[in-house]
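The file entry_0.csv contains CSV, C-alpha atoms:
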chain,number,residue,atom,x,y,z
X,844,MET,CA,72.7,29.7,87.2
X,845,GLN,CA,70.5,26.8,86.0
X,846,ALA,CA,71.3,23.3,87.0
X,847,ASN,CA,73.2,21.1,84.5
X,848,VAL,CA,70.7,18.3,84.1
X,849,THR,CA,68.9,16.9,81.2
X,850,VAL,CA,65.2,17.4,80.9
X,851,PRO,CA,63.4,14.0,80.5
X,852,SER,CA,61.7,13.6,77.2
X,853,ARG,CA,58.2,13.3,78.8
X,854,ALA,CA,58.8,16.5,80.7
X,855,LYS,CA,60.1,18.2,77.6
X,856,GLU,CA,57.0,17.1,75.7
X,857,ASN,CA,54.8,18.6,78.4
X,858,LEU,CA,56.7,21.9,78.2
X,859,LEU,CA,56.3,21.9,74.5
X,860,ILE,CA,52.5,21.4,74.8
X,861,LEU,CA,52.4,24.3,77.4
X,862,ALA,CA,54.4,26.5,75.0
X,863,TYR,CA,51.8,25.7,72.3
X,864,ALA,CA,49.0,26.7,74.7
X,865,ALA,CA,50.9,29.9,75.5
X,866,PHE,CA,51.1,30.8,71.9
X,867,ILE,CA,47.4,30.2,71.4
X,868,ALA,CA,46.9,32.7,74.3
X,869,LEU,CA,49.3,35.1,72.6
X,870,GLY,CA,47.2,34.9,69.5
X,871,LEU,CA,43.9,35.6,71.2
X,872,PRO,CA,44.4,39.4,71.5
X,873,THR,CA,45.5,39.8,67.9
X,874,SER,CA,42.3,41.1,66.4
X,875,LEU,CA,40.4,42.1,69.5
X,876,ILE,CA,41.2,45.8,69.0
X,877,GLY,CA,40.7,45.6,65.2
X,878,VAL,CA,37.1,44.3,65.5
X,879,ALA,CA,36.4,46.4,68.6
X,880,TRP,CA,37.8,49.6,67.2
X,881,PRO,CA,34.7,50.9,65.4
X,882,THR,CA,32.6,50.4,68.5
X,883,LEU,CA,35.3,51.7,70.9
X,884,ARG,CA,36.1,54.8,69.0
X,885,ALA,CA,32.4,55.7,68.6
X,886,GLN,CA,31.9,55.2,72.3
X,887,LEU,CA,34.8,57.4,73.2
X,888,ALA,CA,34.5,59.8,70.3
X,889,LEU,CA,38.0,59.1,69.0
X,890,PRO,CA,39.3,59.8,65.5
X,891,LEU,CA,40.0,56.8,63.2
X,892,ASP,CA,43.8,57.1,63.6
X,893,ALA,CA,43.8,57.2,67.4
X,894,LEU,CA,44.4,53.5,67.4
X,895,GLY,CA,48.1,54.3,66.7
X,896,LEU,CA,48.5,55.7,70.3
X,897,LEU,CA,47.5,52.4,71.9
X,898,LEU,CA,49.7,50.4,69.5
X,899,THR,CA,52.6,52.7,70.1
X,900,SER,CA,52.3,52.4,73.9
X,901,SER,CA,52.2,48.6,73.7
X,902,THR,CA,55.1,48.6,71.3
X,903,ILE,CA,57.3,50.6,73.7
X,904,GLY,CA,56.8,48.0,76.5
X,905,TYR,CA,57.3,45.2,74.0
X,906,LEU,CA,60.5,46.6,72.7
X,907,ILE,CA,62.0,46.9,76.2
X,908,SER,CA,61.2,43.3,77.4
X,909,SER,CA,61.9,41.5,74.1
X,910,SER,CA,65.1,43.2,73.2
X,911,LEU,CA,66.6,42.3,76.6
X,912,ILE,CA,65.3,38.7,76.6
X,913,ALA,CA,68.7,37.0,76.3
X,914,ARG,CA,70.0,38.9,79.4
X,915,LEU,CA,66.7,38.2,81.3
X,916,ILE,CA,66.8,34.5,80.6
X,917,SER,CA,70.4,34.4,81.7
X,918,ARG,CA,69.6,36.3,84.9
X,919,PHE,CA,66.2,34.8,86.0
X,920,GLY,CA,65.6,31.7,83.9
X,921,ILE,CA,62.9,31.1,81.3
X,922,GLY,CA,60.4,29.7,83.7
X,923,SER,CA,60.3,32.7,86.0
X,924,LEU,CA,60.0,35.0,83.1
X,925,LEU,CA,57.0,33.1,81.7
X,926,VAL,CA,55.2,33.3,85.1
X,927,VAL,CA,55.8,37.0,85.3
X,928,SER,CA,54.8,37.7,81.7
X,929,SER,CA,51.5,35.8,81.9
X,930,LEU,CA,50.6,37.5,85.2
X,931,LEU,CA,51.3,40.9,83.7
X,932,SER,CA,49.3,40.1,80.6
X,933,ALA,CA,46.4,38.9,82.7
X,934,ALA,CA,46.3,42.0,84.7
X,935,SER,CA,46.5,44.2,81.6
X,936,TYR,CA,43.6,42.5,79.7
X,937,ILE,CA,41.4,42.6,82.8
X,938,GLY,CA,42.5,46.3,83.3
X,939,TYR,CA,41.3,47.5,79.9
X,940,PRO,CA,37.6,47.2,80.6
X,941,LEU,CA,38.1,48.7,84.0
X,942,ALA,CA,40.0,51.7,82.7
X,943,PRO,CA,38.1,55.0,83.3
X,944,SER,CA,39.5,56.8,80.3
X,945,TRP,CA,41.3,56.4,76.9
X,946,ALA,CA,44.5,57.8,78.5
X,947,VAL,CA,44.5,55.0,81.1
X,948,MET,CA,44.0,52.4,78.4
X,949,ILE,CA,47.1,53.8,76.6
X,950,ALA,CA,49.0,53.5,79.9
X,951,ILE,CA,47.8,49.9,80.3
X,952,GLY,CA,49.0,49.2,76.8
X,953,PHE,CA,52.6,49.7,78.0
X,954,ALA,CA,52.2,46.9,80.6
X,955,THR,CA,50.6,44.7,77.9
X,956,GLY,CA,53.6,45.1,75.7
X,957,LEU,CA,56.0,44.2,78.5
X,958,GLY,CA,54.2,41.0,79.3
X,959,LEU,CA,53.6,39.8,75.7
X,960,GLY,CA,57.1,40.8,74.6
X,961,MET,CA,58.6,38.8,77.4
X,962,MET,CA,56.5,35.7,76.7
X,963,ASP,CA,56.9,35.9,72.9
X,964,ALA,CA,60.6,36.4,72.8
X,965,GLY,CA,61.3,34.0,75.6
X,966,LEU,CA,59.4,31.1,74.0
X,967,ASN,CA,60.9,31.8,70.6
X,968,THR,CA,64.4,31.8,72.0
X,969,TYR,CA,63.7,28.6,74.1
X,970,LEU,CA,62.3,26.7,71.1
X,971,ALA,CA,65.0,27.9,68.7
X,972,ALA,CA,67.6,26.5,71.2
X,973,GLU,CA,65.9,23.3,72.3
X,974,TYR,CA,63.7,22.1,69.4
X,975,HIS,CA,63.6,21.9,65.6
X,976,GLU,CA,62.1,23.8,62.7
X,977,GLY,CA,58.9,21.6,62.5
X,978,GLN,CA,58.2,22.3,66.2
X,979,MET,CA,58.8,26.0,65.6
X,980,GLN,CA,56.2,26.0,62.8
X,981,TRP,CA,53.8,24.2,65.1
X,982,LEU,CA,54.4,26.8,67.8
X,983,HIS,CA,53.5,29.6,65.4
X,984,ALA,CA,50.5,27.6,64.1
X,985,SER,CA,49.3,27.7,67.7
X,986,PHE,CA,49.5,31.5,67.5
X,987,GLY,CA,47.4,31.3,64.3
X,988,ALA,CA,44.8,29.2,66.1
X,989,GLY,CA,44.5,31.9,68.8
X,990,ALA,CA,44.4,34.7,66.2
X,991,THR,CA,41.7,32.8,64.3
X,992,LEU,CA,39.5,32.8,67.4
X,993,SER,CA,40.3,36.4,68.2
X,994,PRO,CA,37.9,38.2,65.9
X,995,LEU,CA,35.2,35.6,66.6
X,996,ILE,CA,35.6,36.2,70.4
X,997,MET,CA,35.2,40.0,69.9
X,998,SER,CA,32.3,39.5,67.4
X,999,ALA,CA,30.5,37.3,69.9
X,1000,SER,CA,31.1,39.8,72.7
X,1001,LEU,CA,29.7,42.6,70.6
X,1002,SER,CA,26.7,40.5,69.4
X,1003,LEU,CA,25.8,39.0,72.8
X,1004,PHE,CA,26.6,41.8,75.1
X,1005,ALA,CA,26.8,44.9,72.8
X,1006,SER,CA,30.1,45.6,74.4
X,1007,TRP,CA,33.8,44.9,73.7
X,1008,LYS,CA,34.6,44.5,77.4
X,1009,PRO,CA,33.6,40.8,78.0
X,1010,ALA,CA,36.1,39.7,75.3
X,1011,TYR,CA,39.0,41.4,77.1
X,1012,LEU,CA,37.9,40.0,80.5
X,1013,PHE,CA,37.8,36.5,78.9
X,1014,VAL,CA,41.3,36.8,77.5
X,1015,GLY,CA,42.6,38.2,80.8
X,1016,ALA,CA,41.1,35.2,82.6
X,1017,LEU,CA,42.8,32.7,80.2
X,1018,MET,CA,46.1,34.5,80.8
X,1019,GLY,CA,45.6,34.0,84.5
X,1020,VAL,CA,45.1,30.3,84.0
X,1021,LEU,CA,48.3,30.2,81.9
X,1022,ALA,CA,50.2,31.9,84.7
X,1023,VAL,CA,49.1,29.2,87.1
X,1024,CYS,CA,50.3,26.5,84.7
X,1025,PHE,CA,53.7,28.1,84.3
X,1026,LEU,CA,54.0,28.4,88.1
X,1027,LEU,CA,53.1,24.7,88.6
X,1028,THR,CA,55.7,23.6,86.0
X,1029,LEU,CA,58.4,26.0,87.1
X,1030,PRO,CA,60.8,23.3,88.3
X,1031,ALA,CA,60.7,21.6,84.9
X,1032,TRP,CA,61.7,24.9,83.2
X,1033,LYS,CA,64.5,25.3,85.6
X,1034,ARG,CA,65.9,21.9,84.8
X,1035,SER,CA,67.0,23.0,81.3
X,1036,LYS,CA,70.7,22.7,81.1
X,1037,PRO,CA,73.2,25.3,79.9
X,1038,VAL,CA,74.2,23.2,76.8
X,1039,SER,CA,71.1,22.7,74.7
X,1040,SER,CA,69.5,19.3,74.6
X,1041,ARG,CA,69.7,19.4,70.8
X,1042,ALA,CA,73.5,19.6,71.0
X,1043,ALA,CA,73.5,16.8,73.6
X,1044,GLU,CA,71.4,14.5,71.4
X,1045,ARG,CA,74.0,15.0,68.6
X,1046,LYS,CA,76.8,14.5,71.1
X,1047,ASP,CA,78.0,17.9,70.0
X,1048,PRO,CA,80.0,19.9,72.5
X,1049,GLU,CA,79.1,23.2,70.8
X,1050,ARG,CA,77.0,25.5,72.9
X,1051,GLY,CA,73.4,26.2,72.1
X,1052,LEU,CA,71.7,29.6,71.4
X,1053,MET,CA,70.9,30.3,75.1
X,1054,ASP,CA,74.4,29.4,76.3
X,1055,TYR,CA,76.1,32.6,75.0
X,1056,HIS,CA,76.4,35.8,76.9
X,1057,THR,CA,77.3,38.1,74.0
X,1058,PRO,CA,77.0,41.8,74.8
X,1059,LEU,CA,73.9,43.4,73.2
X,1060,TRP,CA,76.0,46.2,71.6
X,1061,GLU,CA,78.2,43.7,69.8
X,1062,THR,CA,75.1,42.2,68.2
X,1063,LEU,CA,73.6,45.6,67.3
X,1064,ILE,CA,76.7,46.7,65.3
X,1065,ARG,CA,76.4,43.8,62.8
X,1066,ALA,CA,74.9,44.3,59.4
X,1067,GLY,CA,73.1,41.0,59.7
X,1068,THR,CA,71.2,42.2,62.8
X,1069,TRP,CA,69.9,45.2,61.0
X,1070,ILE,CA,68.7,43.1,58.0
X,1071,CYS,CA,66.9,40.9,60.5
X,1072,ILE,CA,65.3,44.0,62.1
X,1073,LEU,CA,64.0,45.2,58.8
X,1074,LEU,CA,62.7,41.7,57.8
X,1075,PHE,CA,60.7,41.3,60.9
X,1076,LEU,CA,59.5,44.9,60.9
X,1077,LEU,CA,58.1,44.5,57.4
X,1078,TYR,CA,56.7,41.1,57.9
X,1079,THR,CA,54.7,41.8,61.1
X,1080,GLY,CA,53.7,45.2,59.8
X,1081,ALA,CA,52.2,43.6,56.8
X,1082,GLU,CA,50.5,40.8,58.8
X,1083,LEU,CA,48.9,43.1,61.3
X,1084,THR,CA,48.0,45.8,58.8
X,1085,LEU,CA,45.8,43.2,57.2
X,1086,GLY,CA,44.8,41.7,60.5
X,1087,ASN,CA,43.8,45.0,62.2
X,1088,TRP,CA,42.2,46.8,59.3
X,1089,THR,CA,40.5,44.1,57.2
X,1090,TYR,CA,37.3,44.3,59.2
X,1091,THR,CA,37.1,48.1,59.1
X,1092,LEU,CA,38.0,48.2,55.4
X,1093,LEU,CA,35.3,45.6,54.5
X,1094,THR,CA,32.6,47.2,56.6
X,1095,GLU,CA,33.3,50.9,56.1
X,1096,SER,CA,34.7,51.0,52.5
X,1097,ARG,CA,33.4,47.9,50.7
X,1098,GLY,CA,29.9,47.6,52.2
X,1099,VAL,CA,30.3,44.1,53.7
X,1100,SER,CA,28.0,43.4,56.7
X,1101,PRO,CA,29.6,43.3,60.1
X,1102,GLN,CA,28.8,39.5,60.5
X,1103,LEU,CA,30.4,38.6,57.2
X,1104,ALA,CA,33.3,40.9,57.8
X,1105,GLY,CA,34.0,39.3,61.1
X,1106,LEU,CA,33.8,35.9,59.4
X,1107,TRP,CA,36.3,36.9,56.7
X,1108,ALA,CA,38.6,38.6,59.2
X,1109,GLY,CA,38.6,35.3,61.2
X,1110,GLY,CA,39.0,33.4,57.9
X,1111,PHE,CA,42.3,35.2,57.3
X,1112,TRP,CA,43.7,33.8,60.6
X,1113,ALA,CA,42.1,30.4,60.0
X,1114,ILE,CA,43.8,29.9,56.6
X,1115,PHE,CA,47.0,31.4,58.2
X,1116,THR,CA,46.8,28.6,60.8
X,1117,ILE,CA,46.3,25.9,58.2
X,1118,GLY,CA,49.3,27.2,56.4
X,1119,ARG,CA,51.5,26.8,59.5
X,1120,VAL,CA,50.1,23.4,60.3
X,1121,LEU,CA,51.1,22.3,56.7
X,1122,ALA,CA,54.5,23.9,57.1
X,1123,GLY,CA,55.0,22.0,60.3
X,1124,LEU,CA,54.1,18.7,58.8
X,1125,ASN,CA,56.4,19.3,55.8
X,1126,ALA,CA,59.3,21.1,57.5
X,1127,HIS,CA,61.6,18.1,57.0
X,1128,ARG,CA,60.8,18.0,53.3
X,1129,ILE,CA,61.1,21.6,52.1
X,1130,ARG,CA,64.3,23.6,52.7
X,1131,LEU,CA,63.7,27.1,54.2
X,1132,ASN,CA,65.7,28.8,51.5
X,1133,LYS,CA,63.2,27.4,48.9
X,1134,LEU,CA,60.0,27.8,51.0
X,1135,LEU,CA,60.5,31.4,52.2
X,1136,PRO,CA,60.9,33.2,48.8
X,1137,TRP,CA,58.1,31.4,47.2
X,1138,ALA,CA,55.8,32.1,50.2
X,1139,MET,CA,56.7,35.8,49.9
X,1140,ILE,CA,55.9,35.8,46.1
X,1141,LEU,CA,52.5,34.1,46.7
X,1142,ALA,CA,51.7,36.6,49.4
X,1143,LEU,CA,52.4,39.4,46.9
X,1144,VAL,CA,49.9,37.8,44.4
X,1145,GLY,CA,47.3,37.8,47.2
X,1146,ALA,CA,48.0,41.5,48.0
X,1147,VAL,CA,47.4,42.3,44.3
X,1148,LEU,CA,44.1,40.5,44.4
X,1149,PHE,CA,43.1,42.3,47.6
X,1150,TRP,CA,44.0,45.7,46.0
X,1151,TRP,CA,42.4,44.9,42.6
X,1152,ASN,CA,39.0,43.8,44.1
X,1153,THR,CA,37.1,43.7,40.8
X,1154,ILE,CA,34.3,41.9,42.7
X,1155,ALA,CA,34.0,41.2,46.5
X,1156,LEU,CA,35.1,37.6,46.1
X,1157,VAL,CA,38.4,38.6,44.4
X,1158,GLY,CA,39.4,40.9,47.3
X,1159,ILE,CA,38.4,38.2,49.9
X,1160,ALA,CA,40.3,35.6,47.9
X,1161,GLY,CA,43.3,37.9,48.1
X,1162,VAL,CA,43.0,38.2,51.9
X,1163,LEU,CA,42.9,34.4,52.3
X,1164,LEU,CA,45.8,33.9,49.9
X,1165,VAL,CA,48.0,36.3,51.8
X,1166,GLY,CA,47.1,34.6,55.0
X,1167,PHE,CA,48.1,31.1,53.6
X,1168,ALA,CA,51.3,32.4,52.0
X,1169,MET,CA,52.5,34.4,55.0
X,1170,ALA,CA,52.0,31.5,57.4
X,1171,PRO,CA,55.4,29.9,57.4
X,1172,ILE,CA,57.5,33.0,57.0
X,1173,PHE,CA,57.8,34.3,60.6
X,1174,PRO,CA,58.7,30.9,62.2
X,1175,GLY,CA,61.0,30.2,59.2
X,1176,LEU,CA,62.8,33.5,59.7
X,1177,VAL,CA,63.1,32.8,63.5
X,1178,SER,CA,64.5,29.3,62.9
X,1179,SER,CA,67.1,30.5,60.4
X,1180,THR,CA,68.3,33.4,62.6
X,1181,SER,CA,71.7,31.8,63.3
X,1182,GLN,CA,72.3,31.4,59.6
X,1183,ARG,CA,72.1,35.2,59.2
X,1184,VAL,CA,74.0,36.3,62.3
X,1185,GLY,CA,75.8,33.2,63.7
X,1186,LYS,CA,75.1,31.3,66.9
X,1187,ARG,CA,77.0,33.7,69.1
X,1188,HIS,CA,74.6,36.5,68.3
X,1189,ALA,CA,71.4,34.4,67.7
X,1190,GLY,CA,70.1,34.7,71.2
X,1191,ASN,CA,70.3,38.4,71.3
X,1192,THR,CA,69.0,38.7,67.7
X,1193,ILE,CA,65.9,36.6,68.3
X,1194,GLY,CA,64.9,39.1,71.1
X,1195,ILE,CA,65.7,42.0,68.8
X,1196,GLN,CA,63.7,40.5,66.0
X,1197,MET,CA,60.7,40.2,68.3
X,1198,SER,CA,61.1,43.8,69.2
X,1199,ALA,CA,61.3,44.7,65.5
X,1200,ALA,CA,58.3,42.6,64.8
X,1201,ASN,CA,56.2,44.4,67.4
X,1202,LEU,CA,57.5,47.8,66.2
X,1203,GLY,CA,56.4,47.0,62.7
X,1204,GLY,CA,53.1,45.7,64.0
X,1205,ALA,CA,52.6,49.1,65.5
X,1206,LEU,CA,54.1,51.5,63.0
X,1207,LEU,CA,52.7,50.1,59.7
X,1208,PRO,CA,49.1,49.6,61.0
X,1209,SER,CA,49.3,53.1,62.5
X,1210,LEU,CA,50.5,54.5,59.2
X,1211,ALA,CA,47.6,52.6,57.5
X,1212,GLY,CA,45.2,54.3,59.9
X,1213,TYR,CA,46.7,57.7,59.1
X,1214,LEU,CA,46.4,57.2,55.4
X,1215,ALA,CA,42.9,55.8,55.8
X,1216,GLN,CA,41.9,58.9,57.8
X,1217,HIS,CA,43.4,61.4,55.4
X,1218,ILE,CA,43.1,59.6,52.0
X,1219,SER,CA,41.0,56.4,51.9
X,1220,LEU,CA,40.7,53.0,53.5
X,1221,GLU,CA,41.6,51.7,50.1
X,1222,THR,CA,45.2,52.7,50.7
X,1223,ILE,CA,45.6,49.7,53.0
X,1224,PRO,CA,45.9,47.1,50.2
X,1225,VAL,CA,48.5,49.3,48.6
X,1226,MET,CA,50.5,49.5,51.8
X,1227,LEU,CA,50.3,45.7,52.1
X,1228,PHE,CA,51.7,45.2,48.6
X,1229,VAL,CA,54.6,47.6,49.2
X,1230,SER,CA,55.5,46.0,52.6
X,1231,LEU,CA,55.5,42.5,51.1
X,1232,LEU,CA,57.6,43.6,48.1
X,1233,GLY,CA,60.1,45.1,50.4
X,1234,LEU,CA,60.2,41.9,52.5
X,1235,LEU,CA,60.9,39.8,49.4
X,1236,MET,CA,63.7,42.1,48.1
X,1237,LEU,CA,65.3,42.3,51.6
X,1238,TYR,CA,65.2,38.5,52.0
X,1239,LEU,CA,66.8,37.9,48.6
X,1240,LEU,CA,69.5,40.3,49.6
X,1241,SER,CA,70.2,38.5,52.8
X,1242,THR,CA,70.6,35.2,51.0
X,1243,ARG,CA,73.3,36.7,48.8
X,1244,LEU,CA,75.4,38.1,51.6
X,1245,ASN,CA,77.4,36.1,54.1
X,1246,LEU,CA,76.0,37.8,57.1
X,1247,ALA,CA,76.9,35.1,59.7
X,1248,GLU,CA,80.6,35.7,59.4
This structure in structure tokens:
Amino acid sequence: MQANVTVPSRAKENLLILAYAAFIALGLPTSLIGVAWPTLRAQLALPLDALGLLLTSSTIGYLISSSLIARLISRFGIGSLLVVSSLLSAASYIGYPLAPSWAVMIAIGFATGLGLGMMDAGLNTYLAAEYHEGQMQWLHASFGAGATLSPLIMSASLSLFASWKPAYLFVGALMGVLAVCFLLTLPAWKRSKPVSSRAAERKDPERGLMDYHTPLWETLIRAGTWICILLFLLYTGAELTLGNWTYTLLTESRGVSPQLAGLWAGGFWAIFTIGRVLAGLNAHRIRLNKLLPWAMILALVGAVLFWWNTIALVGIAGVLLVGFAMAPIFPGLVSSTSQRVGKRHAGNTIGIQMSAANLGGALLPSLAGYLAQHISLETIPVMLFVSLLGLLMLYLLSTRLNLAE
């Protein structure tokens, strides 16, 4: 049981900064495998769609830790979970270059998923309970910053060392530093009180999102929970299909040089980050129920341009437009979770949403790899369009149903 004391505003600001740093670190691995994959699969003589095995392994670990996050926070506290998750992530990323075989790398993927899922779902739940929509957008902008650096880190590793391994060692070392930071601030995380500080500031006796102990099965039988699952599955599936396969598509299907392809793959995440920064700055001006559908429509337009690709610049413009438009969607959906399922189920649902997001991030890119292997790499923009169209239709459906009751 955590002590019932208020976190001082300065300490709370420090924790928020550390959360932002953690999300930068969470973003760093995003495109590592996507850029490394052509080199890695050639080195190990793997088929194009073997990437799905690694993604699936990671997803299983992620599903386990993130879906149980509300119970884990209640049992151990958010601070302890963050220490464990960052240590596990550090060990995993250092372990990949040391792995003697592809089978061992797949096994390490499971541990990677456990660590990243715990950190991702834990911080999302914490910020949804203790902070505001603008700060949630900034949190995910931090992820975008890390994701922007991700392909550049791997491109530099391949260019300077002709190997993918130094990039993974570098990210593992940063995760280790993050673990030390969480350990040093552990008392501050423990000082979070049962009733959320946001409620206290409003002098509102109502409990916050982390204060409920709703059984998981009660949350899972609600229609709103399953709509949330599908929303996050489609969103992250679309995001990571583009993030993981843009480099390979540009180099192996559209004849773009590796250097330019790495630049454009990084450009996707850069414009993505800019979009989240702008969303954070304007969160108090634009209502989510207006922002989210228009962002989804704009992303659809970008997917059409990426698919159309009459000239190279049209396809690249499509990639950048999708990145900009998708930027505010994920944090906006997290922040509005209680509107879809109610506060009593929001803590459980945020963890389930993170699981669904990771599942989508494995299933859809894996399906893209299968279609690319057996049909053409040019099926990837088609998949992107279909995923985004499904996302928009499902979101519009959720706004017309009173799911929180």
> Which is closest to X:Pro1009 among X:Leu1156, X:Leu941, X:Met1197, X:Leu1244, if we use all atoms listed in the file?
Replying inline: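 Closest to X:Pro1009 of all the choices is X:Leu941.
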> Rounded to one decimal in Å, what is the spacing between atom CA of X:Ser1096 and atom CA of X:Gln886?
Replying inline: 20.4 Å
> Looking at only C-alpha atoms, which of X:Pro881, X:Gly920, X:Gly1109, X:Pro872 is the one that sits closest to X:Thr955?
Replying inline: X:Pro872
> With distances taken over only C-alpha atoms, which of X:Ser1179, X:Thr1079, X:Gln978, X:Ser1000 is nearest to X:Ser1198?
Replying inline: X:Thr1079
> So how many Å separate atom CA of X:Met1018 and atom CA of X:Ser929, to one decimal?
Replying inline: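 The value is 5.7 Å.
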> Between atom CA of X:Lys1008 and atom CA of X:Ala946, what is the distance, to one decimal in Å?
Replying inline: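 Atom CA of X:Ala946 lies at a distance of 16.6 Å from atom CA of X:Lys1008.
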> When distances are computed from all atoms listed in the file, which of X:Ile867, X:Ala862, X:Leu1121, X:Ala1108 shows the smallest separation from X:Tyr974?
Replying inline: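 Nearest candidate to X:Tyr974 out of X:Ile867, X:Ala862, X:Leu1121, X:Ala1108: X:Ala862.
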>> Which residue is closest to X:Ser908? Choose from X:Gly960, X:Gly938, X:Gly1067, X:Gly870 and count all atoms listed in the file.
In response: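 Checking each candidate against X:Ser908, we get X:Gly960 as the closest.
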>> My list of candidates is X:Leu871, X:Leu1240, X:Val927, X:Leu1077. Which is closest to X:Phe1173 when distances are computed with all atoms listed in the file?
In response: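 Looking only at the distances to X:Phe1173, the closest residue turns out to be X:Leu1077.
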> Do you know which residues are at most 12 Å from X:Leu1124 counting all atoms listed in the file, after dropping those on the same chain fewer than 4 positions away, and could you put them as a PyMOL selection string?
Replying inline: chain X and resi 976-981+984+1117-1120+1128-1129+1171
>> If we count all atoms listed in the file and set the cut-off at 7 Å, which residues sit around X:Gly1015, ignoring sequence neighbours fewer than 6 positions away in its own chain? Please answer as a ChimeraX atom specification.
In response: /X:932-934,936-937
Counting all atoms listed in the file, which residues sit no farther than 12 Å from the position (32.3, 45.7, 75.8) in the file's frame? I'd like them as a short mmCIF file (atom, residue, chain, number, x, y, z; two decimals) with C-alpha atoms, keeping the file's coordinate frame.
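The result, written out as point_35.cif:
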data_model
loop_
_atom_site.label_atom_id
_atom_site.label_comp_id
_atom_site.auth_asym_id
_atom_site.auth_seq_id
_atom_site.Cartn_x
_atom_site.Cartn_y
_atom_site.Cartn_z
CA LEU X 875 40.40 42.10 69.50
CA ILE X 876 41.20 45.80 69.00
CA VAL X 878 37.10 44.30 65.50
CA ALA X 879 36.40 46.40 68.60
CA TRP X 880 37.80 49.60 67.20
CA PRO X 881 34.70 50.90 65.40
CA THR X 882 32.60 50.40 68.50
CA LEU X 883 35.30 51.70 70.90
CA ARG X 884 36.10 54.80 69.00
CA GLN X 886 31.90 55.20 72.30
CA ILE X 937 41.40 42.60 82.80
CA TYR X 939 41.30 47.50 79.90
CA PRO X 940 37.60 47.20 80.60
CA LEU X 941 38.10 48.70 84.00
CA ALA X 942 40.00 51.70 82.70
CA ILE X 996 35.60 36.20 70.40
CA MET X 997 35.20 40.00 69.90
CA SER X 998 32.30 39.50 67.40
CA ALA X 999 30.50 37.30 69.90
CA SER X 1000 31.10 39.80 72.70
CA LEU X 1001 29.70 42.60 70.60
CA SER X 1002 26.70 40.50 69.40
CA LEU X 1003 25.80 39.00 72.80
CA PHE X 1004 26.60 41.80 75.10
CA ALA X 1005 26.80 44.90 72.80
CA SER X 1006 30.10 45.60 74.40
CA TRP X 1007 33.80 44.90 73.70
CA LYS X 1008 34.60 44.50 77.40
CA PRO X 1009 33.60 40.80 78.00
CA ALA X 1010 36.10 39.70 75.30
CA TYR X 1011 39.00 41.40 77.10
CA LEU X 1012 37.90 40.00 80.50
CA PHE X 1013 37.80 36.50 78.90
#
>> Give me the residues near X:Ala1138 as a PyMOL selection string, where near means some atom within 12 Å (using all atoms listed in the file) and where sequence neighbours in that chain fewer than 6 positions away do not count.
In response: chain X and resi 1078+1115+1118-1119+1122+1129+1131-1132+1144-1145+1164-1173+1175-1176+1231-1232+1234-1235+1238
Keeping only C-alpha atoms, take the residues you just selected and write them out as an mmCIF file, in the frame of the given file.
data_model
loop_
_atom_site.group_PDB
_atom_site.id
_atom_site.type_symbol
_atom_site.label_atom_id
_atom_site.label_comp_id
_atom_site.auth_asym_id
_atom_site.auth_seq_id
_atom_site.Cartn_x
_atom_site.Cartn_y
_atom_site.Cartn_z
ATOM 1 C CA TYR X 1078 56.700 41.100 57.900
ATOM 2 C CA PHE X 1115 47.000 31.400 58.200
ATOM 3 C CA GLY X 1118 49.300 27.200 56.400
ATOM 4 C CA ARG X 1119 51.500 26.800 59.500
ATOM 5 C CA ALA X 1122 54.500 23.900 57.100
ATOM 6 C CA ILE X 1129 61.100 21.600 52.100
ATOM 7 C CA LEU X 1131 63.700 27.100 54.200
ATOM 8 C CA ASN X 1132 65.700 28.800 51.500
ATOM 9 C CA VAL X 1144 49.900 37.800 44.400
ATOM 10 C CA GLY X 1145 47.300 37.800 47.200
ATOM 11 C CA LEU X 1164 45.800 33.900 49.900
ATOM 12 C CA VAL X 1165 48.000 36.300 51.800
ATOM 13 C CA GLY X 1166 47.100 34.600 55.000
ATOM 14 C CA PHE X 1167 48.100 31.100 53.600
ATOM 15 C CA ALA X 1168 51.300 32.400 52.000
ATOM 16 C CA MET X 1169 52.500 34.400 55.000
ATOM 17 C CA ALA X 1170 52.000 31.500 57.400
ATOM 18 C CA PRO X 1171 55.400 29.900 57.400
ATOM 19 C CA ILE X 1172 57.500 33.000 57.000
ATOM 20 C CA PHE X 1173 57.800 34.300 60.600
ATOM 21 C CA GLY X 1175 61.000 30.200 59.200
ATOM 22 C CA LEU X 1176 62.800 33.500 59.700
ATOM 23 C CA LEU X 1231 55.500 42.500 51.100
ATOM 24 C CA LEU X 1232 57.600 43.600 48.100
ATOM 25 C CA LEU X 1234 60.200 41.900 52.500
ATOM 26 C CA LEU X 1235 60.900 39.800 49.400
ATOM 27 C CA TYR X 1238 65.200 38.500 52.000
#
> Which residues, written as a list of chain:residue names, have at least one atom at most 6 Å from X:Tyr863, with only C-alpha atoms counted and residues fewer than 3 positions away on the same chain left out?
Replying inline: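 Near neighbours after the sequence-gap exclusion: X:Ile860, X:Phe866, X:Leu982, X:Ser985.
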>> Quick one: residues within 6 Å of stretch 1208-1223 of chain X, all atoms listed in the file, excluding same-chain residues fewer than 6 positions away - as an NGL selection string?
In response: :X and (892 or 895 or 1084 or 1092)
>> From (44.6, 39.4, 61.9), in the file's coordinates, out to 8 Å: which residues are reached, counting only C-alpha atoms? Answer as a list in words.
In response: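 Answer for this query, in the requested form: Thr873, Ser874, Ala990, Thr991, Pro994, Glu1082, Leu1083, Thr1084, Leu1085, Gly1086, Asn1087, Thr1089, Ala1108, Gly1109, Phe1111 and Trp1112 of chain X.
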